[in-house]
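Quick notes on the structure that follows.
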Amino acid sequence: MDPIAKRNRIAQWAFDTRPVLLRYHLWLEDVEIERAQELPVSAYSFAPRAISRCLATTAAATALGTRLFGGFGEGKGQDKHAYNQAKKAADAISAYVMSEGLWHLTRSLPENHAIMVSLGEGLMPKAGETPEMGSNPLLGFGRVYARPEVAHVVDAATRKLLNDPDHSWSDFYDGLGARGITVWGAAVDTLENTSRFAEGKETGPMTVFHLFDSPLKVTRPYEAYMGCMTVPRRVTEEAEKRSVLLDYLTPRAKVVEAIEAAYPGIRREHIHVWTLRGQSRAARLGRLWQEWQELGVHLVEDGWKAPSGIAVFTDSGTYAPTFLVRSWQDPAGATHMLLCDGYAATAEALQAASLSEVLDVDATMAPFSPKFELSREREYELMRLSPDAADFPERLAALFDGPVGPERVALYGDAIREAVQSQIPLDRRVLRADDFLPEKGWHVLSCTGYICDDPYTGTPGVTKLADDLYQVSTRLATRHASSLIRFTFRLQEKLEQTRLVFGPLLVRFLSGVDYTQRPVKVSDSGRIRNELQTMLSQALEYEGERIRVHFDRIDDKVMPKEKQEAIRRVLEWYKREHPVWFGWLELV
């Protein structure tokens with residue numbers, strides 16, 4: 001590129017993204033862009049150019065801050081407790097950095113707009129994890145980012161949606177619309193593949209943020225699982241020509257027939273099926289694995305080399321493989337294709353499904369429970385039962401092929417009720433991303449920041465170029481357009497000072513910083529409020545503008561008692577010494 005044009009591009013990006021760069025004390029040395037189309041993504045996006053670029057920079061800053069200060073590899077070889085705390089520390093950093101970036105970039109949102117988090121990843125333990133591995137720091141339902149006046153209105157509407165059983169989602173959505181307020185919804189996973197990050201694996205960890213041009217039709221914090229299958233759209237179109245309904249419930253033999261029709265001559269061993277693997281998932285997916293294997297296709301295993309030349313993994317990470325759902329030719333000219341099948345956590349499933357137009361794929365989903373006791377077929381039947389029906393225990397027992405105790409009846413009944421209360425559609429054959437958006441003409445803007453190398457696209461993770469110089473890649477995509485953006489950031493402070501810039505105040509105080517001797521700013525009030533919502537969401541109770549912190553609601557295995565007591569001392573000091581700034585805070 002011409003040196004003057006390059007200099008101008010860097011200058012324009014630095015100007016557009018200055019709220020994020022200034023917040024994290026980063027100097028933009030360079031920005032390189034690879035587009036899949038002629039025009040920039042912002043030409044296809046509902047979000048203004050500056051907002052789109054700030055989101056890309058926020059994803060990159062989150063990836064950088066998490067890699068540098070999230071404790072990469074500190075869980076390797078540790079006992080269960082230390083490993084769990086390493087994961088939580090990494091999630092805390094990533095959630096904080098993303099949240100701070102969103103707060104600063106939304107100062108330049110259109111005056112009547114707000115961003116509200118509708119789905120977040122981290123409320124619950126995953127397969128094979130113990131209960132205390134849930135409740136990870138996250139950006140969850142109801143977090144609002146906007147200009148202060150707009151944020152107050154949307155916050156109040158969200159609290160009413162949460163607490164008033166007679167206030168429906170339509171009342172919430174229509175009420176804000178009547179006031180001229182536009183709410184953009186978000187599905188967030190600030191640290192995908194947290195376990196691999198804690199273990200120091202060099203592939204997989206990333207930060208994922210999807211912005212929609214309306215809030216998702218979800219009415220409370222919700223995280224469970226979705227059965228999901230994603231295939232190239234060409235396969236679905238071929239099935240339609242043959243009057244075959246192809247979705248998550250279609251027998252896999254019919255799916256293979258459609259693949260062979262769409263790609264004439266493809267060998268079955270060249271049909272690659274990516275699905276989660278591992279003993280902890282055998283009860284849910286064992287029959288599915290067997291069904292695919294009997295058809296003679298390749299069930300992807302750990303270590304299989306993607307076209308990028310990088311080995312994939314199947315222990316976690318259901319979002320990234322969606323980018324490889326397509327066909328390709330090997331060096332010998334033979335056709336290969338990959339599809340994704342199995343299940344994913346709710347936020348990851350919806351994020352992947354919303355990429356259908358970007359990646360030219362077709363994704364269908366089916367709600368599952370949070371437990372791993374039934375096969376996927378029976379999970380589907382379970383989530384369509386009525387937990388309040390008189391014969392619910394008997395119908396549940398039939399799914400388990402034997403008697404079930406009252407505890408199991410209550411557990412599964414609550415899982416179904418929670419989905420209903422959160423407005424997850426349970427009465428449809430399958431779900432698509434459309435079912436979570438109020439308007440059929442919805443749009444999405446996805447931002448992926450690569451912390452480590454990604455096997456499915458070959459995108460490199462955070463790369464150190466010099467002591468204070470790092471290159472970070474972000475993928476920005478919307479319908480019919482995508483760009484890979486490589487930022488080169490220079491840290492404007494020494495590494496230890498930069499650690500303070502990226503670190504939550506409460507984490508800093510827990511590490512030994514004397515908060516009584518540190519200069520206090522009015523911004524501390526907002527930062528600590530934000531950090532409590534991110535780190536201790538299960539302990540908070542809202543009443544108007546006030547937040548009550550119930551430490552007795554925190555499991556000691558989630559946060560050790562000594563850390564809880566240390567945070568209480570910090571909050572008591574701020575409340576006592578700065579009562580006006582912390583008038584919103586109440587300790588129980």
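So you can find residues: chains in the structure tokens are A, B, ... in the order shown, residues in each start at 1, and ligands are numbered from 1 in order.
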Contacts of stretch 502-543 of chain A with stretch 475-498 of chain A up to 12 Å, shortest pair per row, only C-alpha atoms, as JSON lines:
```
{"residue": "A:Phe502", "atom": "CA", "partner": "A:Thr498", "partner_atom": "CA", "distance": 6.3}
{"residue": "A:Gly503", "atom": "CA", "partner": "A:Thr498", "partner_atom": "CA", "distance": 8.4}
{"residue": "A:Pro504", "atom": "CA", "partner": "A:Thr498", "partner_atom": "CA", "distance": 11.9}
{"residue": "A:Arg508", "atom": "CA", "partner": "A:Gln497", "partner_atom": "CA", "distance": 11.8}
```
Residues of the last selection are to be written out with N, CA and C atoms, as a PDB file, in the first residue's frame.
```pdb
ATOM      1  N   PHE A 502      -5.521  -2.735  32.804  1.00  0.00           N
ATOM      2  CA  PHE A 502      -6.420  -3.789  32.346  1.00  0.00           C
ATOM      3  C   PHE A 502      -7.101  -4.529  33.499  1.00  0.00           C
ATOM      4  N   GLY A 503      -6.647  -4.342  34.726  1.00  0.00           N
ATOM      5  CA  GLY A 503      -7.137  -5.158  35.830  1.00  0.00           C
ATOM      6  C   GLY A 503      -8.298  -4.532  36.583  1.00  0.00           C
ATOM      7  N   PRO A 504      -9.291  -5.335  37.001  1.00  0.00           N
ATOM      8  CA  PRO A 504     -10.382  -4.831  37.831  1.00  0.00           C
ATOM      9  C   PRO A 504      -9.848  -4.296  39.157  1.00  0.00           C
ATOM     10  N   ARG A 508      -7.338  -6.072  41.936  1.00  0.00           N
ATOM     11  CA  ARG A 508      -6.113  -5.390  42.348  1.00  0.00           C
ATOM     12  C   ARG A 508      -6.027  -5.317  43.879  1.00  0.00           C
TER      13      ARG A 508
END
```
Self-check item: Contact residues around stretch 217-226 of chain A with only C-alpha atoms at 7 Å, ignoring same-chain residues under 3 positions, as a PyMOL selection string
Solution: chain A and resi 118-119+123+140-141+161-162+169+343-346+349+365-370+422-424+436-438
What would the file look like if the residues just selected were written as an mmCIF file, in the first residue's frame with N, CA and C atoms?
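Output file part.cif follows:
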```cif
data_model
loop_
_atom_site.group_PDB
_atom_site.id
_atom_site.type_symbol
_atom_site.label_atom_id
_atom_site.label_comp_id
_atom_site.auth_asym_id
_atom_site.auth_seq_id
_atom_site.Cartn_x
_atom_site.Cartn_y
_atom_site.Cartn_z
ATOM 1 N N SER A 118 -28.102 -9.788 26.302
ATOM 2 C CA SER A 118 -29.263 -10.667 26.396
ATOM 3 C C SER A 118 -28.882 -12.093 26.771
ATOM 4 N N LEU A 119 -27.738 -12.558 26.299
ATOM 5 C CA LEU A 119 -27.244 -13.889 26.642
ATOM 6 C C LEU A 119 -25.768 -13.785 26.978
ATOM 7 N N LEU A 123 -22.723 -18.903 33.404
ATOM 8 C CA LEU A 123 -23.586 -19.056 34.575
ATOM 9 C C LEU A 123 -23.510 -20.441 35.200
ATOM 10 N N GLY A 140 -23.697 -10.790 31.750
ATOM 11 C CA GLY A 140 -24.943 -11.530 31.647
ATOM 12 C C GLY A 140 -26.139 -10.651 31.373
ATOM 13 N N PHE A 141 -27.294 -11.281 31.391
ATOM 14 C CA PHE A 141 -28.546 -10.630 31.016
ATOM 15 C C PHE A 141 -28.778 -9.325 31.787
ATOM 16 N N LEU A 161 -39.006 -5.891 33.908
ATOM 17 C CA LEU A 161 -39.140 -7.153 33.174
ATOM 18 C C LEU A 161 -38.739 -8.335 34.052
ATOM 19 N N LEU A 162 -37.719 -8.145 34.867
ATOM 20 C CA LEU A 162 -37.233 -9.220 35.728
ATOM 21 C C LEU A 162 -38.143 -9.482 36.923
ATOM 22 N N TRP A 169 -42.320 -9.586 27.777
ATOM 23 C CA TRP A 169 -41.241 -9.102 26.915
ATOM 24 C C TRP A 169 -41.793 -8.099 25.900
ATOM 25 N N TYR A 343 -24.323 -30.567 20.309
ATOM 26 C CA TYR A 343 -24.961 -29.561 21.149
ATOM 27 C C TYR A 343 -23.948 -28.496 21.502
ATOM 28 N N ALA A 344 -24.439 -27.393 22.045
ATOM 29 C CA ALA A 344 -23.589 -26.293 22.507
ATOM 30 C C ALA A 344 -24.316 -25.566 23.625
ATOM 31 N N ALA A 345 -23.588 -24.795 24.411
ATOM 32 C CA ALA A 345 -24.223 -23.922 25.389
ATOM 33 C C ALA A 345 -25.086 -22.897 24.651
ATOM 34 N N THR A 346 -26.115 -22.402 25.322
ATOM 35 C CA THR A 346 -27.125 -21.569 24.658
ATOM 36 C C THR A 346 -26.524 -20.390 23.906
ATOM 37 N N ALA A 349 -24.515 -21.520 20.861
ATOM 38 C CA ALA A 349 -25.385 -22.047 19.808
ATOM 39 C C ALA A 349 -26.039 -20.913 19.030
ATOM 40 N N MET A 365 -31.576 -25.666 15.823
ATOM 41 C CA MET A 365 -31.320 -25.940 17.233
ATOM 42 C C MET A 365 -32.539 -26.565 17.896
ATOM 43 N N ALA A 366 -32.312 -27.191 19.056
ATOM 44 C CA ALA A 366 -33.392 -27.745 19.877
ATOM 45 C C ALA A 366 -32.993 -27.582 21.339
ATOM 46 N N PRO A 367 -33.870 -27.016 22.186
ATOM 47 C CA PRO A 367 -33.509 -26.788 23.590
ATOM 48 C C PRO A 367 -33.251 -28.100 24.330
ATOM 49 N N PHE A 368 -32.192 -28.100 25.148
ATOM 50 C CA PHE A 368 -31.848 -29.228 26.018
ATOM 51 C C PHE A 368 -31.846 -28.754 27.466
ATOM 52 N N SER A 369 -31.819 -29.714 28.382
ATOM 53 C CA SER A 369 -31.718 -29.407 29.809
ATOM 54 C C SER A 369 -30.248 -29.196 30.183
ATOM 55 N N PRO A 370 -29.965 -28.731 31.403
ATOM 56 C CA PRO A 370 -28.573 -28.552 31.822
ATOM 57 C C PRO A 370 -27.893 -29.851 32.265
ATOM 58 N N SER A 422 -37.978 -17.833 30.739
ATOM 59 C CA SER A 422 -37.019 -17.027 29.983
ATOM 60 C C SER A 422 -37.460 -16.810 28.548
ATOM 61 N N GLN A 423 -38.610 -17.377 28.184
ATOM 62 C CA GLN A 423 -39.227 -17.260 26.869
ATOM 63 C C GLN A 423 -38.430 -17.993 25.787
ATOM 64 N N ILE A 424 -37.832 -19.136 26.151
ATOM 65 C CA ILE A 424 -37.196 -20.003 25.164
ATOM 66 C C ILE A 424 -38.300 -20.819 24.493
ATOM 67 N N PHE A 436 -35.350 -15.976 17.989
ATOM 68 C CA PHE A 436 -34.908 -15.196 19.151
ATOM 69 C C PHE A 436 -34.953 -13.697 18.898
ATOM 70 N N LEU A 437 -35.362 -13.299 17.705
ATOM 71 C CA LEU A 437 -35.412 -11.876 17.345
ATOM 72 C C LEU A 437 -36.852 -11.467 17.052
ATOM 73 N N PRO A 438 -37.273 -10.281 17.519
ATOM 74 C CA PRO A 438 -38.665 -9.877 17.345
ATOM 75 C C PRO A 438 -39.013 -9.489 15.915
#
```
Quiz item: Suppose you want the space between atom CA of A:Val244 and atom CA of A:Glu260; what is it in Å?
Solution: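 Distance between the two atoms: 13.8 Å.
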Exercise. Choose the residue, out of A:Lys254, A:Thr516, A:Glu541, A:Ala187, that has the smallest atom-to-atom separation from A:Trp573; count only C-alpha atoms.
Key: A:Thr516
Practice problem: Grab the atom CA of A:Gly70 to atom CA of A:Lys557 distance for me, in Å with one decimal place. | Solution: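 Calculated distance between atom CA of A:Gly70 and atom CA of A:Lys557 is 20.0 Å.
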Quiz item: So, counting only C-alpha atoms, which residue among A:Val520, A:Val404, A:Ile259, A:Ala306 is closest to A:Asp330?
Solution: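 Smallest separation from A:Asp330 among the options: A:Ala306.
Shortest atom-to-atom contact with A:Thr203 among A:Val97, A:Phe69, A:Glu240, A:Thr457: A:Thr457, counting only C-alpha atoms.
The residues of stretch 263-411 of chain A that DSSP assigns to strand (DSSP E or B) on this backbone come out as Ile271, His272, Val273, Trp274, His298, Leu299, Lys305, Ala311, Ser327, Trp328, Gln329, Thr335, His336, Met337, Leu338, Leu339, Cys340, Tyr343, Ala344, Ala345, Val361, Asp362, Ala363, Thr364, Met365, Ala366, Pro367 and Phe368 of chain A.
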Quiz item: For A:Thr335, which residue among A:Tyr96, A:Trp289, A:Tyr263, A:Phe392 is the nearest when counting only C-alpha atoms?
Solution: A:Tyr263
Practice problem: Taking the chain letters and numbering used in this document, name the residues of stretch 37-115 of chain A that DSSP puts in alpha helix (DSSP H), as a ChimeraX atom specification. | Solution: /A:49-69,80-105
Quiz item: In Å to one decimal, how far is atom CA of A:Cys228 from atom CA of A:Phe323?
Solution: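 Distance between the two atoms: 14.9 Å.
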Quiz prompt | Test item: residues at most 8 Å from stretch 9-13 of chain A, only C-alpha atoms, excluding those fewer than 5 positions along its chain, as an MDAnalysis selection string | solution = chainID A and resid 28:31 53
Quiz item: Of the candidates A:Leu500, A:Asp247, A:Arg67, A:Arg281, which one gets nearest to A:Phe372 if we count only C-alpha atoms?
Solution: A:Arg281
Exercise. Might you pull out every residue within 12 Å of A:Ser135, with only C-alpha atoms counted and same-chain residues fewer than 2 positions away left off, and present them as a PyMOL selection string?
Key: chain A and resi 84-85+87-88+91-92+120-126+129-133+137-140+221+223+533-539+553-559
Exercise. Name all residues at most 10 Å from A:Ala253 (count only C-alpha atoms; drop same-chain ones fewer than 5 positions away) and give them as a list in words.
Key: Ala258, Ile259, Glu291, Trp292, Glu294 and Leu295 of chain A
Identify, on the basis of only C-alpha atoms, every residue whose closest approach to A:Ile181 does not exceed 10 Å; exclude the query and any residue fewer than 5 positions from it along the same chain; express the result as a PDB file with C-alpha atoms, in the first residue's frame.
```
ATOM      1  CA  GLU A 111     -28.431   9.489  21.538  1.00  0.00           C
ATOM      2  CA  ASN A 112     -31.495   7.236  21.740  1.00  0.00           C
ATOM      3  CA  HIS A 113     -29.636   3.891  21.516  1.00  0.00           C
ATOM      4  CA  ALA A 114     -28.508   1.355  24.102  1.00  0.00           C
ATOM      5  CA  VAL A 150     -30.847   6.382  28.186  1.00  0.00           C
ATOM      6  CA  VAL A 153     -34.558   4.315  31.325  1.00  0.00           C
ATOM      7  CA  VAL A 154     -33.488   0.928  29.932  1.00  0.00           C
ATOM      8  CA  TYR A 173     -39.924  -3.975  23.853  1.00  0.00           C
ATOM      9  CA  ASP A 174     -42.976  -1.935  22.842  1.00  0.00           C
ATOM     10  CA  GLY A 175     -42.649   0.373  25.854  1.00  0.00           C
ATOM     11  CA  LEU A 176     -39.088   1.359  24.979  1.00  0.00           C
TER      12      LEU A 176
END
```
